[in-house]
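Just input_9.cif here, mmCIF, C-alpha atoms:
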data_work
#
loop_
_atom_site.label_atom_id
_atom_site.label_comp_id
_atom_site.auth_asym_id
_atom_site.auth_seq_id
_atom_site.Cartn_x
_atom_site.Cartn_y
_atom_site.Cartn_z
CA MET A 1 209.04 139.47 -54.60
CA SER A 2 212.79 139.15 -55.14
CA TRP A 3 213.30 136.82 -52.19
CA PHE A 4 211.21 134.16 -53.95
CA SER A 5 214.05 133.74 -56.49
CA SER A 6 215.72 131.23 -54.21
CA PHE A 7 218.90 129.24 -54.80
CA TRP A 8 219.35 125.65 -53.77
CA PHE A 9 221.73 122.76 -54.08
CA TYR A 10 221.43 119.04 -53.52
CA ILE A 11 223.59 116.42 -51.90
CA PHE A 12 222.96 113.08 -53.68
CA ALA A 13 219.99 114.58 -55.57
CA ALA A 14 220.17 116.34 -58.90
CA HIS A 15 216.59 116.65 -60.08
CA PHE A 16 213.36 118.18 -58.88
CA ILE A 17 211.86 114.94 -57.61
CA ALA A 18 209.63 115.03 -54.54
CA MET A 19 211.75 113.83 -51.65
CA LYS A 20 210.57 112.22 -48.41
CA LEU A 21 212.70 113.13 -45.41
CA ASP A 22 212.75 111.64 -41.94
CA ILE A 23 214.15 114.86 -40.45
CA LEU A 24 214.17 118.39 -41.86
CA ALA A 25 216.14 121.04 -39.98
CA ILE A 26 215.06 124.58 -40.85
CA ALA A 27 217.26 127.56 -40.00
CA ALA A 28 217.22 131.32 -40.39
CA HIS A 29 220.84 131.31 -41.58
CA PRO A 30 223.39 128.89 -42.99
CA ASP A 31 225.46 127.83 -39.92
CA ASP A 32 222.54 127.94 -37.41
CA VAL A 33 222.04 124.19 -37.82
CA GLU A 34 225.75 123.42 -37.63
CA LEU A 35 226.15 125.30 -34.34
CA SER A 36 223.03 123.92 -32.68
CA CYS A 37 221.96 120.49 -33.93
CA ALA A 38 224.59 119.17 -36.35
CA GLY A 39 225.46 116.31 -34.01
CA THR A 40 221.85 115.16 -33.93
CA LEU A 41 221.57 115.31 -37.73
CA ILE A 42 224.85 113.43 -38.17
CA ARG A 43 223.75 110.66 -35.78
CA HIS A 44 220.49 110.12 -37.65
CA ALA A 45 222.16 110.29 -41.07
CA LEU A 46 224.68 107.65 -39.97
CA ALA A 47 221.75 105.49 -38.82
CA GLY A 48 220.40 105.54 -42.38
CA GLN A 49 217.67 108.15 -42.00
CA ALA A 50 217.02 110.73 -44.72
CA VAL A 51 218.09 114.08 -43.28
CA GLY A 52 217.92 117.50 -44.94
CA VAL A 53 218.33 121.20 -44.19
CA LEU A 54 216.38 124.23 -45.39
CA ASP A 55 218.05 127.61 -44.82
CA LEU A 56 215.55 130.46 -44.92
CA THR A 57 218.01 133.20 -45.96
CA GLU A 58 221.39 133.56 -47.64
CA SER A 59 222.78 135.53 -44.65
CA GLN A 60 223.06 138.61 -46.84
CA LEU A 61 223.61 140.85 -43.79
CA SER A 62 226.58 138.96 -42.36
CA THR A 63 229.50 141.26 -41.55
CA ARG A 64 232.08 138.76 -42.77
CA GLY A 65 232.29 136.83 -46.02
CA SER A 66 229.85 136.94 -48.93
CA VAL A 67 226.68 135.19 -50.05
CA GLU A 68 228.68 133.18 -52.60
CA LEU A 69 231.27 132.08 -50.06
CA ARG A 70 228.61 131.23 -47.47
CA GLN A 71 226.87 129.11 -50.12
CA GLN A 72 230.04 127.08 -50.70
CA GLU A 73 230.68 126.76 -46.96
CA ALA A 74 227.14 125.44 -46.44
CA LYS A 75 227.67 122.92 -49.24
CA ASN A 76 230.90 121.71 -47.64
CA ALA A 77 229.23 121.40 -44.23
CA SER A 78 226.35 119.46 -45.79
CA THR A 79 228.79 116.86 -47.09
CA VAL A 80 230.36 116.52 -43.65
CA MET A 81 226.93 116.02 -42.06
CA GLY A 82 225.83 113.44 -44.62
CA LEU A 83 222.73 115.34 -45.74
CA LYS A 84 220.48 114.04 -48.48
CA VAL A 85 219.54 117.54 -49.53
CA ARG A 86 220.01 121.18 -48.63
CA MET A 87 217.99 124.04 -50.05
CA ASN A 88 217.59 127.76 -49.48
CA ALA A 89 214.20 129.50 -49.38
CA GLY A 90 215.66 132.83 -50.49
CA MET A 91 214.02 134.97 -47.81
CA GLU A 92 215.45 138.38 -46.96
CA ASP A 93 217.96 138.24 -44.14
CA GLY A 94 216.87 140.40 -41.21
CA PHE A 95 213.56 141.39 -42.77
CA PHE A 96 211.56 138.18 -43.27
CA ARG A 97 208.39 138.06 -41.22
CA ASN A 98 206.05 135.51 -39.70
CA ASP A 99 203.14 136.53 -41.92
CA GLU A 100 200.86 134.85 -44.44
CA GLU A 101 203.20 135.43 -47.38
CA HIS A 102 206.22 133.85 -45.71
CA GLN A 103 204.16 131.06 -44.16
CA ARG A 104 202.74 130.06 -47.54
CA HIS A 105 206.24 130.09 -49.04
CA LEU A 106 207.61 127.86 -46.27
CA ILE A 107 204.62 125.50 -46.48
CA LYS A 108 205.68 124.66 -50.05
CA TYR A 109 208.98 123.26 -48.79
CA ILE A 110 207.39 121.38 -45.91
CA ARG A 111 204.94 119.72 -48.30
CA TYR A 112 207.73 119.00 -50.78
CA PHE A 113 209.94 117.22 -48.23
CA ARG A 114 207.10 115.72 -46.12
CA PRO A 115 209.33 115.33 -43.03
CA GLU A 116 208.29 113.26 -40.04
CA ILE A 117 210.21 115.58 -37.71
CA VAL A 118 211.14 119.25 -38.11
CA LEU A 119 213.89 120.92 -36.11
CA GLY A 120 213.62 124.72 -36.01
CA ASN A 121 215.26 127.78 -34.56
CA SER A 122 214.92 128.63 -30.90
CA LEU A 123 211.76 130.50 -29.89
CA SER A 124 213.89 132.79 -27.70
CA ASP A 125 217.41 133.87 -28.61
CA ARG A 126 219.90 136.72 -28.83
CA HIS A 127 219.48 137.18 -32.60
CA PRO A 128 215.95 138.40 -33.43
CA ASP A 129 215.97 136.41 -36.69
CA HIS A 130 216.22 133.19 -34.67
CA SER A 131 213.16 133.63 -32.51
CA ARG A 132 211.14 135.03 -35.43
CA ALA A 133 212.16 132.06 -37.58
CA GLY A 134 211.30 129.65 -34.77
CA ARG A 135 207.73 130.94 -34.61
CA LEU A 136 207.43 131.06 -38.43
CA ILE A 137 208.57 127.42 -38.63
CA ALA A 138 206.15 126.23 -35.94
CA ASP A 139 203.18 128.06 -37.47
CA ALA A 140 203.96 126.96 -41.04
CA CYS A 141 204.26 123.32 -39.93
CA PHE A 142 200.75 123.52 -38.46
CA TYR A 143 199.17 125.32 -41.42
CA SER A 144 200.87 122.90 -43.82
CA GLY A 145 198.44 120.27 -42.57
CA LEU A 146 195.34 122.24 -43.57
CA GLN A 147 193.91 120.98 -46.85
CA LYS A 148 192.19 124.26 -47.73
CA ILE A 149 195.54 126.06 -47.91
CA GLN A 150 196.57 125.37 -51.49
CA THR A 151 200.17 125.49 -52.71
CA GLU A 152 201.97 124.41 -55.87
CA TRP A 153 205.47 123.08 -56.56
CA GLU A 154 206.74 123.25 -60.14
CA GLY A 155 203.16 123.77 -61.32
CA GLN A 156 201.80 120.75 -59.46
CA LEU A 157 199.21 121.07 -56.69
CA GLN A 158 200.65 119.85 -53.39
CA GLU A 159 198.98 117.62 -50.82
CA ALA A 160 198.63 118.78 -47.21
CA TRP A 161 201.30 117.50 -44.85
CA ARG A 162 201.91 118.13 -41.15
CA PRO A 163 205.11 116.88 -39.49
CA LYS A 164 204.48 114.59 -36.54
CA ARG A 165 206.79 116.60 -34.27
CA VAL A 166 208.39 120.06 -34.26
CA TYR A 167 211.33 120.60 -31.91
CA HIS A 168 213.40 123.75 -31.41
CA TYR A 169 217.17 123.52 -31.02
CA ILE A 170 218.80 125.67 -28.33
CA GLN A 171 221.09 128.37 -29.69
CA ASP A 172 223.06 131.20 -28.08
CA ARG A 173 220.72 131.94 -25.15
CA PHE A 174 220.69 129.14 -22.59
CA LEU A 175 217.28 127.52 -22.14
CA GLU A 176 216.34 124.59 -19.96
CA PRO A 177 216.04 121.68 -22.43
CA ASP A 178 213.02 119.42 -22.61
CA PHE A 179 215.27 116.64 -23.88
CA ILE A 180 218.92 116.15 -24.79
CA VAL A 181 220.41 114.05 -27.58
CA ASP A 182 223.66 112.19 -26.95
CA ILE A 183 226.21 113.34 -29.56
CA ALA A 184 229.39 112.14 -27.83
CA ASP A 185 230.41 109.85 -30.68
CA VAL A 186 229.89 112.49 -33.40
CA PHE A 187 230.98 115.68 -31.63
CA ASN A 188 234.24 115.94 -33.58
CA LYS A 189 232.26 115.59 -36.80
CA LYS A 190 229.99 118.41 -35.66
CA MET A 191 233.02 120.64 -35.09
CA GLU A 192 234.29 119.73 -38.55
CA ALA A 193 230.97 120.91 -40.02
CA ILE A 194 231.15 124.17 -38.04
CA ASN A 195 234.72 124.79 -39.17
CA CYS A 196 233.58 124.67 -42.80
CA TYR A 197 232.43 128.27 -42.18
CA SER A 198 235.94 129.69 -42.10
CA SER A 199 234.64 133.14 -43.09
CA GLN A 200 232.45 133.37 -39.98
CA PHE A 201 234.30 131.77 -37.08
CA TYR A 202 237.73 132.05 -35.48
CA ASN A 203 240.39 132.46 -38.14
CA PRO A 204 243.59 134.20 -36.97
CA GLY A 205 244.61 134.79 -40.58
CA SER A 206 241.47 136.76 -41.45
CA ASP A 207 241.63 140.53 -41.95
CA GLU A 208 237.84 140.96 -41.78
CA PRO A 209 236.11 142.84 -38.92
CA ALA A 210 235.83 141.03 -35.60
CA THR A 211 232.32 139.90 -34.68
CA TYR A 212 230.55 138.23 -31.77
CA ILE A 213 231.05 134.79 -33.32
CA SER A 214 234.56 135.21 -34.76
CA SER A 215 236.50 134.97 -31.49
CA GLY A 216 238.18 131.84 -30.21
CA ASP A 217 236.10 132.20 -27.05
CA PHE A 218 232.90 131.65 -29.03
CA MET A 219 234.08 128.25 -30.23
CA ASP A 220 235.04 127.36 -26.65
CA GLN A 221 231.51 128.29 -25.58
CA ILE A 222 230.01 125.91 -28.16
CA ARG A 223 232.07 123.08 -26.77
CA ALA A 224 231.24 124.03 -23.17
CA LYS A 225 227.50 124.17 -23.90
CA ASP A 226 227.53 120.71 -25.45
CA GLN A 227 229.59 119.42 -22.53
CA LEU A 228 227.07 120.85 -20.08
CA PHE A 229 224.16 119.23 -21.91
CA GLY A 230 226.07 115.98 -22.09
CA LYS A 231 226.78 116.01 -18.37
CA ARG A 232 223.05 116.35 -17.69
CA ILE A 233 222.42 112.93 -19.28
CA GLY A 234 225.66 111.21 -18.28
CA VAL A 235 227.54 111.47 -21.58
CA ARG A 236 230.40 113.65 -22.77
CA TYR A 237 228.51 115.85 -25.25
CA GLY A 238 224.84 116.53 -25.93
CA GLU A 239 222.49 118.87 -27.80
CA GLY A 240 219.42 120.33 -26.10
CA PHE A 241 215.96 120.82 -27.58
CA LYS A 242 212.68 122.46 -26.56
CA SER A 243 209.23 121.09 -27.33
CA GLU A 244 205.98 123.03 -27.09
CA ASN A 245 204.09 119.73 -26.84
CA VAL A 246 204.34 117.11 -24.11
CA LEU A 247 206.67 114.30 -25.14
CA GLY A 248 205.44 110.71 -25.02
CA VAL A 249 207.17 107.34 -25.13
CA SER A 250 205.87 103.82 -25.75
CA SER A 251 208.34 102.22 -23.36
CA LEU A 252 210.18 103.42 -20.26
CA SER A 253 213.27 101.55 -21.44
CA SER A 254 213.53 103.90 -24.41
CA LEU A 255 214.53 106.63 -21.93
CA ILE A 256 217.62 104.73 -20.79
CA LEU A 257 220.97 105.57 -22.42
CA PRO A 258 223.84 103.08 -22.48
CA GLU A 259 226.33 103.51 -19.63
CA MET A 260 229.48 105.47 -20.43
CA PRO A 261 232.62 103.28 -20.56
#

Structure rendered as structure tokens:
Amino acid sequence: MSWFSSFWFYIFAAHFIAMKLDILAIAAHPDDVELSCAGTLIRHALAGQAVGVLDLTESQLSTRGSVELRQQEAKNASTVMGLKVRMNAGMEDGFFRNDEEHQRHLIKYIRYFRPEIVLGNSLSDRHPDHSRAGRLIADACFYSGLQKIQTEWEGQLQEAWRPKRVYHYIQDRFLEPDFIVDIADVFNKKMEAINCYSSQFYNPGSDEPATYISSGDFMDQIRAKDQLFGKRIGVRYGEGFKSENVLGVSSLSSLILPEMP
């Protein structure tokens, strides 16, 4: 199918060499990650972890901008976030499905990157692509661990790999988080990554049609959401996540955040 002819680009990686990631964020569209979990990715990248993003589609159906412009904006945002790699799975915006064909395609990327943790779209959200992608991501991560499902990458048979954890970032629709990540010290960097998408968000000089996400109010809502999550854990800004599995810790002290100054 045509959507298998994917495009991709690398940050600090120029060749098709199998890459081991600590965290892989998967998103239906370029900018989903920036809006929802960029702070978390930035914090882990700054801590020296290998962090990457896989966008499922090229956002072909977006009212504003173009696929080519969105590609450049995603590249710019990737640099801001300090990503090791960013790729695009080339699925059809609006019409991808959580079926065997798409699961097998996504499994190839999961086995290629072998992430310890996967962050995926919300399982319930305003945009139907988000919730559908969230379920596709969760299912593909599970099936990726089954040895009898065979996949190839560049003609080489891949080994089974299942991420240790799959978490879903909270998007437009408010959901009660299962945990919140402190992003107070990187919030401005997150906003810098979001603002790389000048074709999509508030731009008073743009003559393109107004959309749900192009108003100044939308950007205020992003800030307010992160402030609300931050307040819940006693910091200025936070990002919320859902987990379908019960979370466990090896030490109670790991649940304690430093006091705010």

Might you pull out every residue within 6 Å of Thr57 of chain A, with all atoms listed in the file counted and same-chain residues fewer than 4 positions away left off, and present them as a PDB file with C-alpha atoms, in the coordinates of the input?
ATOM      1  CA  ALA A  28     217.220 131.320 -40.390  1.00  0.00           C
ATOM      2  CA  HIS A  29     220.840 131.310 -41.580  1.00  0.00           C
ATOM      3  CA  GLY A  90     215.660 132.830 -50.490  1.00  0.00           C
ATOM      4  CA  MET A  91     214.020 134.970 -47.810  1.00  0.00           C
ATOM      5  CA  GLU A  92     215.450 138.380 -46.960  1.00  0.00           C
ATOM      6  CA  ASP A  93     217.960 138.240 -44.140  1.00  0.00           C
TER       7      ASP A  93
END

Might you spell out which residues the PyMOL selection byres ((chain A and resi 149) around 10) would select in the displayed file, as a PDB file with C-alpha atoms, in the frame of the given file?
ATOM      1  CA  ARG A 104     202.740 130.060 -47.540  1.00  0.00           C
ATOM      2  CA  ILE A 107     204.620 125.500 -46.480  1.00  0.00           C
ATOM      3  CA  TYR A 143     199.170 125.320 -41.420  1.00  0.00           C
ATOM      4  CA  SER A 144     200.870 122.900 -43.820  1.00  0.00           C
ATOM      5  CA  GLY A 145     198.440 120.270 -42.570  1.00  0.00           C
ATOM      6  CA  LEU A 146     195.340 122.240 -43.570  1.00  0.00           C
ATOM      7  CA  GLN A 147     193.910 120.980 -46.850  1.00  0.00           C
ATOM      8  CA  LYS A 148     192.190 124.260 -47.730  1.00  0.00           C
ATOM      9  CA  GLN A 150     196.570 125.370 -51.490  1.00  0.00           C
ATOM     10  CA  THR A 151     200.170 125.490 -52.710  1.00  0.00           C
ATOM     11  CA  GLN A 158     200.650 119.850 -53.390  1.00  0.00           C
ATOM     12  CA  GLU A 159     198.980 117.620 -50.820  1.00  0.00           C
ATOM     13  CA  ALA A 160     198.630 118.780 -47.210  1.00  0.00           C
TER      14      ALA A 160
END

| Where does the PyMOL selection byres ((chain A and resi 69) around 12) land in this file, that is, which residues does it pick, as a PyMOL selection string? | chain A and resi 30+58-60+62+64-68+70-76+196-200

Please, which residues in segment 30-97 of chain A fall within 12 Å of segment 226-234 of chain A when counting all atoms listed in the file, and what is the closest atom pair and distance in Å to one decimal for each, ordered by chain then residue number, as a tab-separated table?
residue	atom	partner	partner_atom	distance
A:Leu35	CA	A:Asp226	CA	10.1
A:Ser36	CA	A:Asp226	CA	9.1
A:Cys37	CA	A:Asp226	CA	10.1
A:Ala38	CA	A:Asp226	CA	11.4
A:Gly39	CA	A:Asp226	CA	9.8
A:Thr40	CA	A:Asp226	CA	11.6

| task | Would you please work out which residue, of A:Ile222, A:Tyr237, A:Asp182, A:Phe174, is nearest to Phe201 of chain A when using only C-alpha atoms? | result |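 Checking each candidate against Phe201 of chain A, we get A:Ile222 as the closest.
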
| field | Distance query Tyr112 of chain A at most 12 Å, all atoms listed in the file, self and fewer than 5 positions along chain excluded, as a VMD selection string | value | chain A and resid 16 to 21 24 52 54 85 87 105 to 107 144 151 to 154 156 to 163

| task | Would you mind listing what lies within 10 Å of segment 247-257 of chain A as an MDAnalysis selection string, with all atoms listed in the file counted and same-chain residues fewer than 2 positions away left out? | result | chainID A and resid 165 178:179 181:182 233:235 243:245 259:260

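Atom CA of Ser124 of chain A is positioned 8.7 Å from atom CA of Gln171 of chain A.
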
| task | Could you tell me how far atom CA of Arg43 of chain A lies from atom CA of Ser78 of chain A, in Å and to one decimal? | result | 13.6 Å

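The residue that comes closest to Pro177 of chain A, out of A:Tyr109, A:Glu100, A:Ala89, A:Lys225 and on the basis of all atoms listed in the file, is A:Lys225.
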
| message | Let me make sure I understand: among A:Leu123, A:Val33, A:Ala140, A:Ile117, which one has the smallest atom-to-atom distance to Ala50 of chain A if we use only C-alpha atoms? | response |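 Smallest distance to Ala50 of chain A is found for A:Ile117.
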
| note | Here atom CA of Pro258 of chain A and atom CA of Gly238 of chain A stand apart by 13.9 Å

| said: Using all atoms listed in the file, which protein or nucleic acid residues come within 9 Å of Arg173 of chain A? Drop anything in the same chain fewer than 6 positions from it, and give the result as a list in words. | reply: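 Counting only the stated atoms, we get Ser122, Ser124, Asp125 and Arg126 of chain A.
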
Could you save the residues just selected, with C-alpha atoms, as a CSV table (one decimal), keeping the file's coordinate frame?
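Once written, part15.csv looks like this:
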chain,number,residue,atom,x,y,z
A,122,SER,CA,214.9,128.6,-30.9
A,124,SER,CA,213.9,132.8,-27.7
A,125,ASP,CA,217.4,133.9,-28.6
A,126,ARG,CA,219.9,136.7,-28.8

| message | Calculated over all atoms listed in the file, which of the candidates A:Asp99, A:His130, A:Val186, A:Leu136 has the smallest distance to Ala45 of chain A? | response |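 The closest residue to Ala45 of chain A is A:Val186.
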
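Using only C-alpha atoms, the smallest distance between any of A:Phe241, A:Arg97, A:Met219, A:Pro209 and Glu192 of chain A comes from A:Met219.
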
Taking every listed atom of segment 218-237 of chain A and adding 3 Å to each side, what centre and edge lengths in Å (one decimal) does the axis-aligned box have, as JSON?
{"center_x": 228.7, "center_y": 121.4, "center_z": -24.0, "size_x": 18.6, "size_y": 26.4, "size_z": 18.5}

| said: Translate the PyMOL selection byres ((chain A and resi 46) around 12) into a concrete residue list for this structure, as a ChimeraX atom specification. | reply: /A:39-45,47-51,80-84,183,185-186,189

| said: Taking only C-alpha atoms into account, name the residue in A:Lys190, A:Lys242, A:Arg111, A:Arg223 that is nearest to Asp31 of chain A. | reply: A:Lys190
